[in-house]
Amino acid sequence: MDIHNNHLGLPSTKWPSVCRYEAFLSFRGGDVRGGFVEFLYEGLADSGIIAFIDHRGIEIGENIMRMILKVIGHTQICIPIFSKDFASSKSCLKEVEKMVKCDRTIMPIFYDVSPSVVGEQKESYQQSFRDHVAKGVPLTTINNWKKALQIVSRRRGWELEKFQDRQRVLINEVVSTVRRLLRKDDLHVTAHLVGMDQPVQEVMRKLGVGHENGEVIRGQTVKGKRVVEISGLPGIGKSTLATVVYNKIHHLFEGKSFLREVEQTRLLSLQENLVGGLQKRAYTFKSPAEGTDFIKYKFGDLRVLIILDDVSDFKQVNSLAGDLSWFGPGSRIIVISRRSNLVDDCNLVPMTSTSNSTVNNCDDIIIEKYELKQMNSDHAFQLFCSVLREKPLKKEFSSLACEIILAAGRIPLVIEVVGSILRGKDIKFWKEALDRLNREPYTKEVKRILKSRYEDLDKNAREIFLDIACFFVGKDKTIPSYMWEACKYDPYRGIDELHDLSLVKTRENNTLWMNNQLKVLGRDIVREENPSEPFKRSRLWNQEDIEPVLNERKDWQDVAVEALSATFDKPHLFPKCRFFCDFSKFRYLKMNHAIVKAYKQSAKSSREDFFLRRLKWLEWQGCNDISNLLALDMSKLIILDLSGSTSTNWQCWKQIMKVR
């Protein structure tokens, strides 16, 4: 950098004790006319980039030059501005040589010369080197400078003469490129990023962004307009996925905004944040209506990238980005949805649909969906080890780690929380953690995130969710659906809602599947109905809770149990009438090896004398005396399973069938 020419418009440079510059500008002062360097420096500074520039107009001495070269060695990006007289400055040539030697990211600007003039040292550059030779500069030094110029001239940069609007457009592009290389617009991503390569590539494909080996192809212009919905289990990494994609592609857009916690944030604040992000300055609105009108008519020519995180209803989107006609060609909207198929409500017509995409025939608008799947075991183990900062794990911890990962449901959020707590801990802490993972959500934050989905359910869907968590994971959904229908729980709608919120899946053979942590959550919700008195809970499945309830008589008017599954290792004898008299709210009862003393009905008994009048499902495996069933009101019974019964009382069998 030649500093014989003073640039009065620039602030003075102070030498830092430690180099903290992000960009280094090298130029021949008086030769870069029209304030170009000043405007470039100010553009970088306004964009938050700390650039080094020396302009104090003093004669460079040995110590100053050494410090300048030290700055280059510690600066990531170097921008040499080649002008006709650049090579006449030994300082500038030394700087370029240092950039090459330190293998910096070099982004040349060819101000009023072509790359060939710089690389081949033609015209004014040829004369400058003749002058250096005449002044006694060693030939070795001359050759080093020439080689450095040749290398830099082949680097991708900018030629001012190719820009129609000349300096302004060029400066904007330089600033934008420097920001991208410095990742200035990047959002924070967890340090423990595992298993994201394939999902990132798939989302970029759905966004219509060209990529190769996971990286965006440079120089492309995205076309059309697209909305992509990302759904999946809570805590599975949807926001992380969207953030990684945002960091890779945001430079393709003229405006970008990432709105988090849409569900929790006031609409007016969301609108102000959206506009502020797209225009890079603060905005305030008096009302949501004013905000919507502003968004509608302000960005019609702007290519935007908008990400809306934690959306539960498309009505939340309508006042922010409800219609892609509000934005310019090439715009993209990513909706991180709490429920799948949410973008089906997008206001785009007419449309044609395919398996996972919807196309607007008029405006080249495509709506895509992507469900982020559960981590595979290898990636989950890799993530756990990464959080623990131990590779490989000690032998005695490895098998326990696999159990912990399984109990955590292979949910990244839970794995990271558990791993960070267990880092450096003794094996007894690991065993305790495993027990807790199978008993209750590991932390309050994990519980809050998982439970937020449950709270989105309507009342009937919540009942179905809790039933599945307590009794029906791995079961054919057809059979409990009969009971839910009899209970007026609207099972078709309820299960569909559970599917949409990724709380339950229907797998092969029509079986119900639920992530282990969601099962743990469901059971914890039931347990919290009354932590100290199990008989006041709606459901019982744990044998430690069931046996005291069945054996210890209390004030049974308060019994709230409506569903119970009791599995005993050996025959259990319970007090007379306990199942019949004390559990009047039963709608589901499953038990095996249970021996209950029969309640003998008299011949004059009326319907009012029968018990368990709400019972819809009775599964009594190994029932040794089916005469017990004659005491029950079976008029509302939908499912009766007496498999394994040893009773040969055919008269009772006939009476039971007659009652049904």
# chains A, B, ... in the order shown; residues from 1 in each chain; ligands from 1
>>> select_by_dssp(residues="stretch 178-295 of chain A", states="strand (DSSP E)", output="PyMOL selection string")
chain A and resi 211-212+215-216+225-232+255-259
>>> residues_around(residues="stretch 177-179 of chain A", least_positions_apart="6", cutoff="10 Å", atoms="only C-alpha atoms", output="ChimeraX atom specification")
/A:22-23,44,47-49,77-79,107,171,185-186,251
>>> atom_distance(atom1="atom CA of A:Ala560", atom2="atom CA of A:Phe583")
7.9 Å
>>> closest_residue(among="A:Lys451, A:Arg28, A:His499, A:His192", to="A:Phe384", atoms="only C-alpha atoms")
A:His192
>>> residues_around(residues="stretch 464-470 of chain A", least_positions_apart="5", cutoff="8 Å", atoms="only C-alpha atoms", output="PDB file with all heavy atoms, in the first residue's frame")
ATOM      1  N   TRP A 484     -62.224 -45.997  21.026  1.00  0.00           N
ATOM      2  CA  TRP A 484     -62.258 -44.532  20.969  1.00  0.00           C
ATOM      3  C   TRP A 484     -63.529 -44.031  20.286  1.00  0.00           C
ATOM      4  O   TRP A 484     -64.085 -43.002  20.678  1.00  0.00           O
ATOM      5  CB  TRP A 484     -61.015 -44.013  20.234  1.00  0.00           C
ATOM      6  CG  TRP A 484     -59.736 -44.300  20.982  1.00  0.00           C
ATOM      7  CD1 TRP A 484     -59.561 -44.326  22.332  1.00  0.00           C
ATOM      8  CD2 TRP A 484     -58.472 -44.630  20.409  1.00  0.00           C
ATOM      9  NE1 TRP A 484     -58.257 -44.638  22.644  1.00  0.00           N
ATOM     10  CE2 TRP A 484     -57.560 -44.830  21.479  1.00  0.00           C
ATOM     11  CE3 TRP A 484     -57.998 -44.771  19.110  1.00  0.00           C
ATOM     12  CZ2 TRP A 484     -56.228 -45.159  21.276  1.00  0.00           C
ATOM     13  CZ3 TRP A 484     -56.664 -45.089  18.900  1.00  0.00           C
ATOM     14  CH2 TRP A 484     -55.790 -45.285  19.982  1.00  0.00           C
ATOM     15  N   TYR A 489     -64.498 -40.195  20.936  1.00  0.00           N
ATOM     16  CA  TYR A 489     -63.223 -39.477  20.836  1.00  0.00           C
ATOM     17  C   TYR A 489     -62.862 -39.107  19.390  1.00  0.00           C
ATOM     18  O   TYR A 489     -61.809 -38.520  19.158  1.00  0.00           O
ATOM     19  CB  TYR A 489     -62.081 -40.329  21.416  1.00  0.00           C
ATOM     20  CG  TYR A 489     -62.083 -40.445  22.923  1.00  0.00           C
ATOM     21  CD1 TYR A 489     -61.277 -41.392  23.556  1.00  0.00           C
ATOM     22  CD2 TYR A 489     -62.879 -39.628  23.713  1.00  0.00           C
ATOM     23  CE1 TYR A 489     -61.256 -41.508  24.941  1.00  0.00           C
ATOM     24  CE2 TYR A 489     -62.876 -39.747  25.093  1.00  0.00           C
ATOM     25  CZ  TYR A 489     -62.067 -40.694  25.706  1.00  0.00           C
ATOM     26  OH  TYR A 489     -62.053 -40.813  27.078  1.00  0.00           O
ATOM     27  N   PRO A 491     -61.871 -40.944  16.580  1.00  0.00           N
ATOM     28  CA  PRO A 491     -60.522 -41.470  16.354  1.00  0.00           C
ATOM     29  C   PRO A 491     -59.923 -41.154  14.992  1.00  0.00           C
ATOM     30  O   PRO A 491     -58.710 -40.957  14.889  1.00  0.00           O
ATOM     31  CB  PRO A 491     -60.692 -42.983  16.540  1.00  0.00           C
ATOM     32  CG  PRO A 491     -62.149 -43.248  16.317  1.00  0.00           C
ATOM     33  CD  PRO A 491     -62.842 -42.028  16.833  1.00  0.00           C
ATOM     34  N   GLY A 494     -58.787 -37.645  15.285  1.00  0.00           N
ATOM     35  CA  GLY A 494     -57.763 -37.558  16.323  1.00  0.00           C
ATOM     36  C   GLY A 494     -56.429 -38.133  15.881  1.00  0.00           C
ATOM     37  O   GLY A 494     -55.372 -37.509  16.079  1.00  0.00           O
ATOM     38  N   ILE A 495     -56.459 -39.324  15.271  1.00  0.00           N
ATOM     39  CA  ILE A 495     -55.211 -39.948  14.824  1.00  0.00           C
ATOM     40  C   ILE A 495     -54.587 -39.143  13.689  1.00  0.00           C
ATOM     41  O   ILE A 495     -53.364 -38.998  13.616  1.00  0.00           O
ATOM     42  CB  ILE A 495     -55.467 -41.409  14.406  1.00  0.00           C
ATOM     43  CG1 ILE A 495     -55.856 -42.244  15.632  1.00  0.00           C
ATOM     44  CG2 ILE A 495     -54.224 -42.007  13.740  1.00  0.00           C
ATOM     45  CD1 ILE A 495     -56.251 -43.675  15.316  1.00  0.00           C
ATOM     46  N   LEU A 498     -52.777 -36.352  15.270  1.00  0.00           N
ATOM     47  CA  LEU A 498     -51.527 -36.851  15.858  1.00  0.00           C
ATOM     48  C   LEU A 498     -50.468 -37.069  14.784  1.00  0.00           C
ATOM     49  O   LEU A 498     -49.280 -36.795  15.006  1.00  0.00           O
ATOM     50  CB  LEU A 498     -51.786 -38.149  16.621  1.00  0.00           C
ATOM     51  CG  LEU A 498     -52.646 -38.037  17.886  1.00  0.00           C
ATOM     52  CD1 LEU A 498     -52.973 -39.429  18.427  1.00  0.00           C
ATOM     53  CD2 LEU A 498     -51.943 -37.214  18.957  1.00  0.00           C
ATOM     54  N   LEU A 503     -46.687 -36.638  16.351  1.00  0.00           N
ATOM     55  CA  LEU A 503     -46.685 -37.241  17.687  1.00  0.00           C
ATOM     56  C   LEU A 503     -46.831 -38.755  17.607  1.00  0.00           C
ATOM     57  O   LEU A 503     -46.388 -39.474  18.508  1.00  0.00           O
ATOM     58  CB  LEU A 503     -47.822 -36.652  18.523  1.00  0.00           C
ATOM     59  CG  LEU A 503     -47.679 -35.162  18.875  1.00  0.00           C
ATOM     60  CD1 LEU A 503     -48.937 -34.654  19.560  1.00  0.00           C
ATOM     61  CD2 LEU A 503     -46.463 -34.930  19.759  1.00  0.00           C
ATOM     62  N   VAL A 504     -47.454 -39.228  16.539  1.00  0.00           N
ATOM     63  CA  VAL A 504     -47.686 -40.664  16.359  1.00  0.00           C
ATOM     64  C   VAL A 504     -47.509 -40.978  14.876  1.00  0.00           C
ATOM     65  O   VAL A 504     -47.816 -40.143  14.021  1.00  0.00           O
ATOM     66  CB  VAL A 504     -49.110 -41.057  16.822  1.00  0.00           C
ATOM     67  CG1 VAL A 504     -49.444 -42.487  16.413  1.00  0.00           C
ATOM     68  CG2 VAL A 504     -49.244 -40.914  18.330  1.00  0.00           C
ATOM     69  N   LEU A 512     -49.244 -48.739  15.621  1.00  0.00           N
ATOM     70  CA  LEU A 512     -48.998 -47.395  16.140  1.00  0.00           C
ATOM     71  C   LEU A 512     -47.566 -47.297  16.661  1.00  0.00           C
ATOM     72  O   LEU A 512     -47.109 -48.165  17.413  1.00  0.00           O
ATOM     73  CB  LEU A 512     -49.983 -47.071  17.263  1.00  0.00           C
ATOM     74  CG  LEU A 512     -51.450 -46.957  16.842  1.00  0.00           C
ATOM     75  CD1 LEU A 512     -52.356 -46.981  18.065  1.00  0.00           C
ATOM     76  CD2 LEU A 512     -51.685 -45.681  16.042  1.00  0.00           C
ATOM     77  N   MET A 514     -44.665 -44.518  18.430  1.00  0.00           N
ATOM     78  CA  MET A 514     -44.454 -43.241  19.107  1.00  0.00           C
ATOM     79  C   MET A 514     -43.013 -43.190  19.586  1.00  0.00           C
ATOM     80  O   MET A 514     -42.486 -44.174  20.118  1.00  0.00           O
ATOM     81  CB  MET A 514     -45.429 -43.112  20.298  1.00  0.00           C
ATOM     82  CG  MET A 514     -45.291 -41.826  21.104  1.00  0.00           C
ATOM     83  SD  MET A 514     -46.441 -41.788  22.514  1.00  0.00           S
ATOM     84  CE  MET A 514     -48.000 -41.508  21.674  1.00  0.00           C
ATOM     85  N   LEU A 518     -41.690 -39.204  23.601  1.00  0.00           N
ATOM     86  CA  LEU A 518     -43.088 -38.795  23.617  1.00  0.00           C
ATOM     87  C   LEU A 518     -43.920 -39.757  24.467  1.00  0.00           C
ATOM     88  O   LEU A 518     -44.859 -39.337  25.150  1.00  0.00           O
ATOM     89  CB  LEU A 518     -43.635 -38.734  22.189  1.00  0.00           C
ATOM     90  CG  LEU A 518     -43.060 -37.613  21.317  1.00  0.00           C
ATOM     91  CD1 LEU A 518     -43.533 -37.763  19.883  1.00  0.00           C
ATOM     92  CD2 LEU A 518     -43.454 -36.247  21.862  1.00  0.00           C
ATOM     93  N   LYS A 519     -43.559 -41.020  24.429  1.00  0.00           N
ATOM     94  CA  LYS A 519     -44.235 -41.985  25.307  1.00  0.00           C
ATOM     95  C   LYS A 519     -43.962 -41.646  26.772  1.00  0.00           C
ATOM     96  O   LYS A 519     -44.878 -41.649  27.609  1.00  0.00           O
ATOM     97  CB  LYS A 519     -43.755 -43.407  24.998  1.00  0.00           C
ATOM     98  CG  LYS A 519     -44.474 -44.470  25.822  1.00  0.00           C
ATOM     99  CD  LYS A 519     -44.081 -45.870  25.400  1.00  0.00           C
ATOM    100  CE  LYS A 519     -42.751 -46.278  26.006  1.00  0.00           C
ATOM    101  NZ  LYS A 519     -42.463 -47.709  25.789  1.00  0.00           N
ATOM    102  N   VAL A 520     -42.715 -41.323  27.060  1.00  0.00           N
ATOM    103  CA  VAL A 520     -42.349 -40.923  28.426  1.00  0.00           C
ATOM    104  C   VAL A 520     -43.104 -39.659  28.825  1.00  0.00           C
ATOM    105  O   VAL A 520     -43.593 -39.538  29.949  1.00  0.00           O
ATOM    106  CB  VAL A 520     -40.823 -40.701  28.524  1.00  0.00           C
ATOM    107  CG1 VAL A 520     -40.450 -40.021  29.837  1.00  0.00           C
ATOM    108  CG2 VAL A 520     -40.080 -42.030  28.386  1.00  0.00           C
ATOM    109  N   GLY A 522     -46.066 -38.612  27.661  1.00  0.00           N
ATOM    110  CA  GLY A 522     -47.464 -38.944  27.888  1.00  0.00           C
ATOM    111  C   GLY A 522     -47.691 -39.570  29.253  1.00  0.00           C
ATOM    112  O   GLY A 522     -48.618 -39.200  29.980  1.00  0.00           O
ATOM    113  N   ARG A 523     -46.838 -40.494  29.616  1.00  0.00           N
ATOM    114  CA  ARG A 523     -46.981 -41.139  30.926  1.00  0.00           C
ATOM    115  C   ARG A 523     -46.699 -40.157  32.065  1.00  0.00           C
ATOM    116  O   ARG A 523     -47.321 -40.239  33.136  1.00  0.00           O
ATOM    117  CB  ARG A 523     -46.045 -42.341  30.995  1.00  0.00           C
ATOM    118  CG  ARG A 523     -46.453 -43.448  30.021  1.00  0.00           C
ATOM    119  CD  ARG A 523     -45.606 -44.685  30.132  1.00  0.00           C
ATOM    120  NE  ARG A 523     -46.174 -45.764  29.324  1.00  0.00           N
ATOM    121  CZ  ARG A 523     -45.829 -47.042  29.433  1.00  0.00           C
ATOM    122  NH1 ARG A 523     -44.898 -47.402  30.303  1.00  0.00           N
ATOM    123  NH2 ARG A 523     -46.400 -47.962  28.678  1.00  0.00           N
ATOM    124  N   VAL A 526     -49.811 -38.098  32.711  1.00  0.00           N
ATOM    125  CA  VAL A 526     -50.773 -38.852  33.524  1.00  0.00           C
ATOM    126  C   VAL A 526     -50.305 -38.905  34.976  1.00  0.00           C
ATOM    127  O   VAL A 526     -51.105 -38.703  35.903  1.00  0.00           O
ATOM    128  CB  VAL A 526     -50.958 -40.279  32.966  1.00  0.00           C
ATOM    129  CG1 VAL A 526     -51.811 -41.111  33.916  1.00  0.00           C
ATOM    130  CG2 VAL A 526     -51.580 -40.234  31.580  1.00  0.00           C
ATOM    131  N   ARG A 539     -55.128 -43.118  34.280  1.00  0.00           N
ATOM    132  CA  ARG A 539     -54.619 -44.364  33.693  1.00  0.00           C
ATOM    133  C   ARG A 539     -53.546 -44.955  34.590  1.00  0.00           C
ATOM    134  O   ARG A 539     -52.723 -44.230  35.161  1.00  0.00           O
ATOM    135  CB  ARG A 539     -54.042 -44.091  32.287  1.00  0.00           C
ATOM    136  CG  ARG A 539     -55.065 -43.588  31.275  1.00  0.00           C
ATOM    137  CD  ARG A 539     -54.396 -42.878  30.106  1.00  0.00           C
ATOM    138  NE  ARG A 539     -55.346 -42.421  29.104  1.00  0.00           N
ATOM    139  CZ  ARG A 539     -56.031 -41.276  29.193  1.00  0.00           C
ATOM    140  NH1 ARG A 539     -55.878 -40.482  30.254  1.00  0.00           N
ATOM    141  NH2 ARG A 539     -56.872 -40.928  28.234  1.00  0.00           N
ATOM    142  N   LEU A 540     -53.520 -46.282  34.657  1.00  0.00           N
ATOM    143  CA  LEU A 540     -52.488 -46.986  35.418  1.00  0.00           C
ATOM    144  C   LEU A 540     -51.918 -48.100  34.553  1.00  0.00           C
ATOM    145  O   LEU A 540     -52.668 -48.857  33.934  1.00  0.00           O
ATOM    146  CB  LEU A 540     -53.056 -47.568  36.722  1.00  0.00           C
ATOM    147  CG  LEU A 540     -53.512 -46.564  37.797  1.00  0.00           C
ATOM    148  CD1 LEU A 540     -54.114 -47.309  38.995  1.00  0.00           C
ATOM    149  CD2 LEU A 540     -52.365 -45.687  38.263  1.00  0.00           C
ATOM    150  N   TRP A 541     -50.596 -48.193  34.512  1.00  0.00           N
ATOM    151  CA  TRP A 541     -49.916 -49.226  33.727  1.00  0.00           C
ATOM    152  C   TRP A 541     -48.723 -49.810  34.482  1.00  0.00           C
ATOM    153  O   TRP A 541     -48.242 -50.879  34.163  1.00  0.00           O
ATOM    154  CB  TRP A 541     -49.430 -48.633  32.403  1.00  0.00           C
ATOM    155  CG  TRP A 541     -48.392 -47.575  32.618  1.00  0.00           C
ATOM    156  CD1 TRP A 541     -47.044 -47.732  32.660  1.00  0.00           C
ATOM    157  CD2 TRP A 541     -48.639 -46.197  32.928  1.00  0.00           C
ATOM    158  NE1 TRP A 541     -46.427 -46.549  32.966  1.00  0.00           N
ATOM    159  CE2 TRP A 541     -47.396 -45.582  33.119  1.00  0.00           C
ATOM    160  CE3 TRP A 541     -49.795 -45.422  33.049  1.00  0.00           C
ATOM    161  CZ2 TRP A 541     -47.274 -44.225  33.435  1.00  0.00           C
ATOM    162  CZ3 TRP A 541     -49.669 -44.079  33.349  1.00  0.00           C
ATOM    163  CH2 TRP A 541     -48.429 -43.488  33.534  1.00  0.00           C
TER     164      TRP A 541
END
>>> residues_around(residues="A:Ile336", least_positions_apart="3", cutoff="12 Å", atoms="only C-alpha atoms", output="PyMOL selection string")
chain A and resi 203+227-234+236-243+258-263+306-314+317+333+339-343+369-372
>>> residues_around(residues="A:Ser377", least_positions_apart="6", cutoff="10 Å", atoms="only C-alpha atoms", output="PyMOL selection string")
chain A and resi 383+402+405-406+409-410
>>> write_last_selection(atoms="N, CA and C atoms", output="mmCIF file, in the first residue's frame")
data_model
loop_
_atom_site.group_PDB
_atom_site.id
_atom_site.type_symbol
_atom_site.label_atom_id
_atom_site.label_comp_id
_atom_site.auth_asym_id
_atom_site.auth_seq_id
_atom_site.Cartn_x
_atom_site.Cartn_y
_atom_site.Cartn_z
ATOM 1 N N LEU A 383 -23.262 -38.088 17.504
ATOM 2 C CA LEU A 383 -23.633 -36.833 18.165
ATOM 3 C C LEU A 383 -23.376 -36.916 19.663
ATOM 4 N N CYS A 402 -25.481 -46.628 24.135
ATOM 5 C CA CYS A 402 -26.496 -47.071 23.166
ATOM 6 C C CYS A 402 -27.882 -47.111 23.804
ATOM 7 N N ILE A 405 -29.115 -43.493 24.212
ATOM 8 C CA ILE A 405 -29.545 -42.943 22.922
ATOM 9 C C ILE A 405 -30.925 -43.476 22.548
ATOM 10 N N LEU A 406 -31.141 -44.770 22.782
ATOM 11 C CA LEU A 406 -32.440 -45.375 22.487
ATOM 12 C C LEU A 406 -33.528 -44.770 23.364
ATOM 13 N N GLY A 409 -34.776 -41.473 22.403
ATOM 14 C CA GLY A 409 -35.578 -41.452 21.189
ATOM 15 C C GLY A 409 -34.818 -40.979 19.967
ATOM 16 N N ARG A 410 -33.487 -40.962 20.078
ATOM 17 C CA ARG A 410 -32.629 -40.459 18.991
ATOM 18 C C ARG A 410 -33.032 -39.038 18.576
#
>>> closest_residue(among="A:Tyr492, A:Phe472, A:Phe381, A:Tyr454", to="A:Val194", atoms="only C-alpha atoms")
A:Phe381
>>> atom_distance(atom1="atom CA of A:Ser128", atom2="atom CA of A:Ser88")
4.9 Å
>>> select_by_dssp(residues="stretch 108-336 of chain A", states="alpha helix (DSSP H)", output="ChimeraX atom specification")
/A:115-120,124-134,139-153,167-181,197-206,238-249,267-279,288-298,315-321
>>> write_last_selection(atoms="C-alpha atoms", output="mmCIF file, in the first residue's frame")
data_model
loop_
_atom_site.group_PDB
_atom_site.id
_atom_site.type_symbol
_atom_site.label_atom_id
_atom_site.label_comp_id
_atom_site.auth_asym_id
_atom_site.auth_seq_id
_atom_site.Cartn_x
_atom_site.Cartn_y
_atom_site.Cartn_z
ATOM 1 C CA PRO A 115 -5.970 -8.930 -15.552
ATOM 2 C CA SER A 116 -3.606 -9.666 -18.449
ATOM 3 C CA VAL A 117 -1.730 -6.386 -17.956
ATOM 4 C CA VAL A 118 -1.228 -7.268 -14.280
ATOM 5 C CA GLY A 119 -0.352 -10.932 -14.785
ATOM 6 C CA GLU A 120 1.919 -10.508 -17.788
ATOM 7 C CA SER A 124 2.670 0.551 -17.421
ATOM 8 C CA TYR A 125 3.532 -2.528 -15.316
ATOM 9 C CA GLN A 126 6.384 -3.379 -17.658
ATOM 10 C CA GLN A 127 7.796 0.125 -17.285
ATOM 11 C CA SER A 128 7.430 0.033 -13.504
ATOM 12 C CA PHE A 129 9.532 -3.123 -13.248
ATOM 13 C CA ARG A 130 12.198 -1.584 -15.496
ATOM 14 C CA ASP A 131 12.349 1.337 -13.076
ATOM 15 C CA HIS A 132 12.709 -1.007 -10.093
ATOM 16 C CA VAL A 133 15.585 -2.813 -11.797
ATOM 17 C CA ALA A 134 17.222 0.521 -12.602
ATOM 18 C CA LEU A 139 16.399 -9.756 -9.505
ATOM 19 C CA THR A 140 15.169 -12.377 -7.010
ATOM 20 C CA THR A 141 12.818 -9.818 -5.484
ATOM 21 C CA ILE A 142 11.637 -8.704 -8.918
ATOM 22 C CA ASN A 143 10.818 -12.307 -9.880
ATOM 23 C CA ASN A 144 8.947 -12.901 -6.606
ATOM 24 C CA TRP A 145 6.823 -9.811 -7.232
ATOM 25 C CA LYS A 146 6.089 -10.854 -10.823
ATOM 26 C CA LYS A 147 5.129 -14.372 -9.743
ATOM 27 C CA ALA A 148 2.797 -12.978 -7.079
ATOM 28 C CA LEU A 149 1.105 -10.727 -9.650
ATOM 29 C CA GLN A 150 0.683 -13.663 -12.026
ATOM 30 C CA ILE A 151 -0.992 -15.739 -9.298
ATOM 31 C CA VAL A 152 -3.308 -12.953 -8.153
ATOM 32 C CA SER A 153 -4.304 -11.981 -11.706
ATOM 33 C CA GLN A 167 -18.255 2.129 -8.995
ATOM 34 C CA ARG A 168 -21.521 1.879 -7.010
ATOM 35 C CA VAL A 169 -22.529 -1.544 -8.350
ATOM 36 C CA LEU A 170 -18.980 -2.868 -8.049
ATOM 37 C CA ILE A 171 -18.639 -1.707 -4.446
ATOM 38 C CA ASN A 172 -21.990 -3.270 -3.511
ATOM 39 C CA GLU A 173 -20.915 -6.596 -5.002
ATOM 40 C CA VAL A 174 -17.522 -6.502 -3.264
ATOM 41 C CA VAL A 175 -19.143 -5.744 0.093
ATOM 42 C CA SER A 176 -21.728 -8.507 -0.427
ATOM 43 C CA THR A 177 -19.013 -11.029 -1.336
ATOM 44 C CA VAL A 178 -16.841 -10.099 1.639
ATOM 45 C CA ARG A 179 -19.829 -10.457 3.980
ATOM 46 C CA ARG A 180 -20.544 -13.887 2.546
ATOM 47 C CA LEU A 181 -16.944 -15.068 2.875
ATOM 48 C CA ASP A 197 -25.762 -33.421 4.899
ATOM 49 C CA GLN A 198 -28.555 -35.389 3.233
ATOM 50 C CA PRO A 199 -31.439 -33.302 4.668
ATOM 51 C CA VAL A 200 -29.675 -30.052 3.688
ATOM 52 C CA GLN A 201 -29.211 -31.242 0.122
ATOM 53 C CA GLU A 202 -32.813 -32.427 -0.099
ATOM 54 C CA VAL A 203 -34.201 -29.102 1.149
ATOM 55 C CA MET A 204 -31.971 -27.171 -1.283
ATOM 56 C CA ARG A 205 -33.257 -29.399 -4.070
ATOM 57 C CA LYS A 206 -36.843 -28.623 -3.098
ATOM 58 C CA LYS A 238 -35.936 -28.676 12.065
ATOM 59 C CA SER A 239 -34.756 -25.200 13.055
ATOM 60 C CA THR A 240 -31.129 -26.325 12.845
ATOM 61 C CA LEU A 241 -31.730 -27.714 9.361
ATOM 62 C CA ALA A 242 -33.342 -24.466 8.216
ATOM 63 C CA THR A 243 -30.489 -22.443 9.723
ATOM 64 C CA VAL A 244 -27.845 -24.493 7.908
ATOM 65 C CA VAL A 245 -29.741 -24.071 4.632
ATOM 66 C CA TYR A 246 -30.121 -20.327 5.292
ATOM 67 C CA ASN A 247 -26.380 -19.943 5.849
ATOM 68 C CA LYS A 248 -25.629 -21.704 2.573
ATOM 69 C CA ILE A 249 -28.063 -19.842 0.316
ATOM 70 C CA LEU A 267 -47.851 -10.266 14.987
ATOM 71 C CA LEU A 268 -46.841 -6.590 15.018
ATOM 72 C CA SER A 269 -43.362 -7.482 16.293
ATOM 73 C CA LEU A 270 -43.047 -10.187 13.633
ATOM 74 C CA GLN A 271 -43.972 -7.740 10.884
ATOM 75 C CA GLU A 272 -41.466 -5.163 12.127
ATOM 76 C CA ASN A 273 -38.736 -7.792 12.366
ATOM 77 C CA LEU A 274 -39.531 -9.088 8.877
ATOM 78 C CA VAL A 275 -39.396 -5.665 7.243
ATOM 79 C CA GLY A 276 -36.340 -4.686 9.285
ATOM 80 C CA GLY A 277 -34.528 -7.824 8.124
ATOM 81 C CA LEU A 278 -35.439 -7.344 4.459
ATOM 82 C CA GLN A 279 -34.529 -3.657 4.395
ATOM 83 C CA PRO A 288 -50.904 -5.302 11.899
ATOM 84 C CA ALA A 289 -53.084 -4.048 9.029
ATOM 85 C CA GLU A 290 -50.565 -1.288 8.284
ATOM 86 C CA GLY A 291 -47.740 -3.836 8.451
ATOM 87 C CA THR A 292 -49.482 -6.197 6.036
ATOM 88 C CA ASP A 293 -50.160 -3.409 3.532
ATOM 89 C CA PHE A 294 -46.532 -2.301 3.690
ATOM 90 C CA ILE A 295 -45.245 -5.837 3.049
ATOM 91 C CA LYS A 296 -47.734 -6.342 0.195
ATOM 92 C CA TYR A 297 -46.612 -3.341 -1.828
ATOM 93 C CA LYS A 298 -42.976 -2.780 -0.860
ATOM 94 C CA LYS A 315 -53.171 -17.828 9.571
ATOM 95 C CA GLN A 316 -49.944 -16.789 11.313
ATOM 96 C CA VAL A 317 -48.274 -16.668 7.894
ATOM 97 C CA ASN A 318 -50.994 -14.758 6.048
ATOM 98 C CA SER A 319 -50.082 -11.368 7.513
ATOM 99 C CA LEU A 320 -46.356 -11.926 6.962
ATOM 100 C CA ALA A 321 -45.890 -13.739 3.672
#
>>> atom_distance(atom1="atom CA of A:Ser257", atom2="atom CA of A:Val417")
28.4 Å
